[in-house]
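Novice: Got a structure for you, run_0.cif, holding mmCIF, C-alpha atoms.
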data_coords
loop_
_atom_site.label_atom_id
_atom_site.label_comp_id
_atom_site.auth_asym_id
_atom_site.auth_seq_id
_atom_site.Cartn_x
_atom_site.Cartn_y
_atom_site.Cartn_z
CA MET A 1 4.69 -9.52 6.56
CA ALA A 2 8.12 -10.88 7.45
CA SER A 3 8.10 -13.10 4.36
CA ARG A 4 7.92 -9.99 2.16
CA ALA A 5 10.37 -7.84 4.11
CA PRO A 6 13.89 -7.29 2.77
CA SER A 7 16.49 -9.53 4.29
CA GLY A 8 20.13 -8.75 5.01
CA THR A 9 20.93 -9.39 1.36
CA ASN A 10 17.69 -7.78 0.17
CA THR A 11 16.24 -10.96 -1.30
CA GLN A 12 12.51 -11.56 -1.38
CA PRO A 13 10.74 -14.84 -2.20
CA TRP A 14 8.85 -13.45 -5.20
CA LYS A 15 8.35 -14.80 -8.67
CA VAL A 16 7.84 -12.19 -11.36
CA TYR A 17 6.27 -12.80 -14.74
CA GLY A 18 6.47 -10.38 -17.64
CA VAL A 19 3.48 -9.98 -19.93
CA THR A 20 3.64 -8.14 -23.25
CA GLY A 21 1.60 -7.49 -26.32
CA GLU A 22 -2.06 -8.42 -26.58
CA LYS A 23 -2.16 -10.26 -23.23
CA ARG A 24 -0.68 -7.26 -21.44
CA ASP A 25 -3.18 -4.93 -23.06
CA GLU A 26 -6.02 -7.25 -22.04
CA MET A 27 -4.80 -7.30 -18.43
CA VAL A 28 -4.46 -3.50 -18.35
CA GLU A 29 -7.98 -3.12 -19.72
CA ARG A 30 -9.45 -5.50 -17.11
CA VAL A 31 -7.62 -3.85 -14.21
CA CYS A 32 -8.57 -0.34 -15.35
CA LYS A 33 -12.21 -1.40 -15.75
CA ALA A 34 -12.23 -2.76 -12.18
CA GLN A 35 -10.61 0.44 -10.89
CA MET A 36 -13.18 2.61 -12.70
CA GLU A 37 -15.98 0.52 -11.19
CA LEU A 38 -14.54 1.13 -7.72
CA THR A 39 -14.39 4.86 -8.40
CA THR A 40 -18.06 5.01 -9.31
CA GLN A 41 -19.26 2.27 -6.94
CA PRO A 42 -17.07 2.25 -3.78
CA GLU A 43 -19.28 -0.42 -2.19
CA LEU A 44 -17.63 -2.95 -4.55
CA VAL A 45 -14.33 -2.69 -2.64
CA ASN A 46 -15.01 -5.99 -0.84
CA GLN A 47 -14.82 -7.82 -4.18
CA TYR A 48 -11.21 -6.72 -4.66
CA LYS A 49 -9.42 -7.60 -1.43
CA GLU A 50 -5.61 -7.63 -1.39
CA THR A 51 -3.88 -10.81 -0.29
CA PHE A 52 -1.99 -8.77 2.31
CA ALA A 53 -2.26 -5.22 3.62
CA TYR A 54 -0.02 -3.13 1.40
CA TYR A 55 -0.84 0.12 3.17
CA PRO A 56 -1.44 0.63 6.88
CA GLU A 57 -5.07 0.99 7.96
CA THR A 58 -4.14 4.10 9.96
CA TRP A 59 -1.41 6.45 8.83
CA ILE A 60 0.68 8.11 11.53
CA SER A 61 3.09 11.00 11.58
CA PRO A 62 5.47 11.60 9.87
CA PHE A 63 4.27 9.18 7.16
CA ILE A 64 0.84 10.72 6.57
CA GLU A 65 2.37 14.17 6.07
CA ARG A 66 4.95 12.79 3.64
CA ARG A 67 2.29 10.92 1.71
CA ARG A 68 0.07 14.00 1.44
CA GLU A 69 2.96 16.26 0.44
CA ASN A 70 4.02 13.82 -2.26
CA GLY A 71 0.48 13.36 -3.60
CA TRP A 72 -0.42 17.04 -3.65
CA GLY A 73 2.96 17.86 -5.18
CA LEU A 74 2.23 15.47 -8.04
CA TYR A 75 -1.28 16.85 -8.51
CA ARG A 76 0.08 20.43 -8.51
CA LEU A 77 2.46 19.49 -11.33
CA LEU A 78 -0.49 18.05 -13.24
CA ASN A 79 -2.74 21.06 -12.52
CA ILE A 80 -5.22 18.90 -10.60
CA GLN A 81 -6.85 20.80 -7.75
CA LYS A 82 -8.10 19.41 -4.45
CA GLY A 83 -11.60 18.02 -4.93
CA GLU A 84 -11.27 17.34 -8.68
CA LYS A 85 -12.19 13.69 -8.20
CA GLU A 86 -12.62 12.83 -11.87
CA GLN A 87 -9.15 14.13 -12.78
CA MET A 88 -7.66 12.33 -9.75
CA ALA A 89 -9.31 9.06 -10.77
CA ARG A 90 -8.04 9.47 -14.36
CA GLN A 91 -4.52 10.06 -13.08
CA GLN A 92 -4.75 7.03 -10.79
CA LEU A 93 -5.61 4.85 -13.79
CA ARG A 94 -2.22 5.74 -15.24
CA ASN A 95 -0.67 3.67 -12.42
CA PHE A 96 -2.25 0.60 -13.98
CA GLN A 97 -1.40 1.49 -17.55
#
Let me see the file written as structure tokens.

Specialist:
Amino acid sequence: MASRAPSGTNTQPWKVYGVTGEKRDEMVERVCKAQMELTTQPELVNQYKETFAYYPETWISPFIERRRENGWGLYRLLNIQKGEKEQMARQQLRNFQ
């Protein structure tokens, strides 16, 4: 985790590649397809492991409350109600698009 944490000068050891056009569209399609599969078949999650834990396994206060407030605030703006899983999944796909 320390290798990805900001330093005193806020430098991180990342390399970033930009993808545009047809290749970008192909990547977006593949990632969205994988995300849709996970939505309908959650048991597939083990096929898509992250290289490092981006989110904590257990959220604690005050972070869990902030996360919920932010998420429900966004859904309220989009007129998505609690429990509307299909609309939530569709909105989540926008993160990948």

Novice: In Å, rounded to a single decimal, give me how far CA of Leu93 (chain A) is from CA of Glu37 (chain A).

Specialist: 11.5 Å

Novice: Which residues are near Gln91 (chain A)? Cut-off 12 Å, all atoms listed in the file, ignore same chain within fewer than 5 positions. Put them as an mmCIF file with C-alpha atoms, keeping the file's coordinate frame.

Specialist:
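Produced file part37.cif, reproduced below:
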data_model
loop_
_atom_site.group_PDB
_atom_site.id
_atom_site.type_symbol
_atom_site.label_atom_id
_atom_site.label_comp_id
_atom_site.auth_asym_id
_atom_site.auth_seq_id
_atom_site.Cartn_x
_atom_site.Cartn_y
_atom_site.Cartn_z
ATOM 1 C CA CYS A 32 -8.570 -0.340 -15.350
ATOM 2 C CA GLN A 35 -10.610 0.440 -10.890
ATOM 3 C CA MET A 36 -13.180 2.610 -12.700
ATOM 4 C CA GLY A 71 0.480 13.360 -3.600
ATOM 5 C CA LEU A 74 2.230 15.470 -8.040
ATOM 6 C CA TYR A 75 -1.280 16.850 -8.510
ATOM 7 C CA LEU A 77 2.460 19.490 -11.330
ATOM 8 C CA LEU A 78 -0.490 18.050 -13.240
ATOM 9 C CA ASN A 79 -2.740 21.060 -12.520
ATOM 10 C CA ILE A 80 -5.220 18.900 -10.600
ATOM 11 C CA GLU A 84 -11.270 17.340 -8.680
ATOM 12 C CA LYS A 85 -12.190 13.690 -8.200
ATOM 13 C CA GLU A 86 -12.620 12.830 -11.870
ATOM 14 C CA PHE A 96 -2.250 0.600 -13.980
ATOM 15 C CA GLN A 97 -1.400 1.490 -17.550
#

Novice: Name the residues in contact with Gly18 (chain A) at a cut-off of 12 Å, using all atoms listed in the file, excluding same-chain residues fewer than 4 positions from it; report them as number ranges by chain.

Specialist: A: 23-24, 27

Novice: Take the residues from that selection and put them in a file with C-alpha atoms, as a tab-separated table (two decimals), in the frame of the given file.

Specialist:
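What follows is the written file out_23.tsv:
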chain	number	residue	atom	x	y	z
A	23	LYS	CA	-2.16	-10.26	-23.23
A	24	ARG	CA	-0.68	-7.26	-21.44
A	27	MET	CA	-4.80	-7.30	-18.43

Novice: Calculated over all atoms listed in the file, which of the candidates A:Gln87, A:Tyr54, A:Glu26, A:Lys82 has the smallest distance to Arg68 (chain A)?

Specialist: A:Lys82

Novice: Can you work out the spacing between CA of Ala34 (chain A) and CA of Gln47 (chain A) in Å, to one decimal?

Specialist: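 These two atoms are separated by 9.8 Å.
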
Novice: Do you have the CA of Thr51 (chain A)-CA of Glu69 (chain A) distance handy?

Specialist: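 One can read the CA of Thr51 (chain A) to CA of Glu69 (chain A) distance as 27.9 Å.
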
Novice: Quick one: residues within 12 Å of Tyr55 (chain A), only C-alpha atoms counted, chain neighbours fewer than 5 positions away excluded, as an MDAnalysis selection string?

Specialist: chainID A and resid 1 50 60 63:64 67
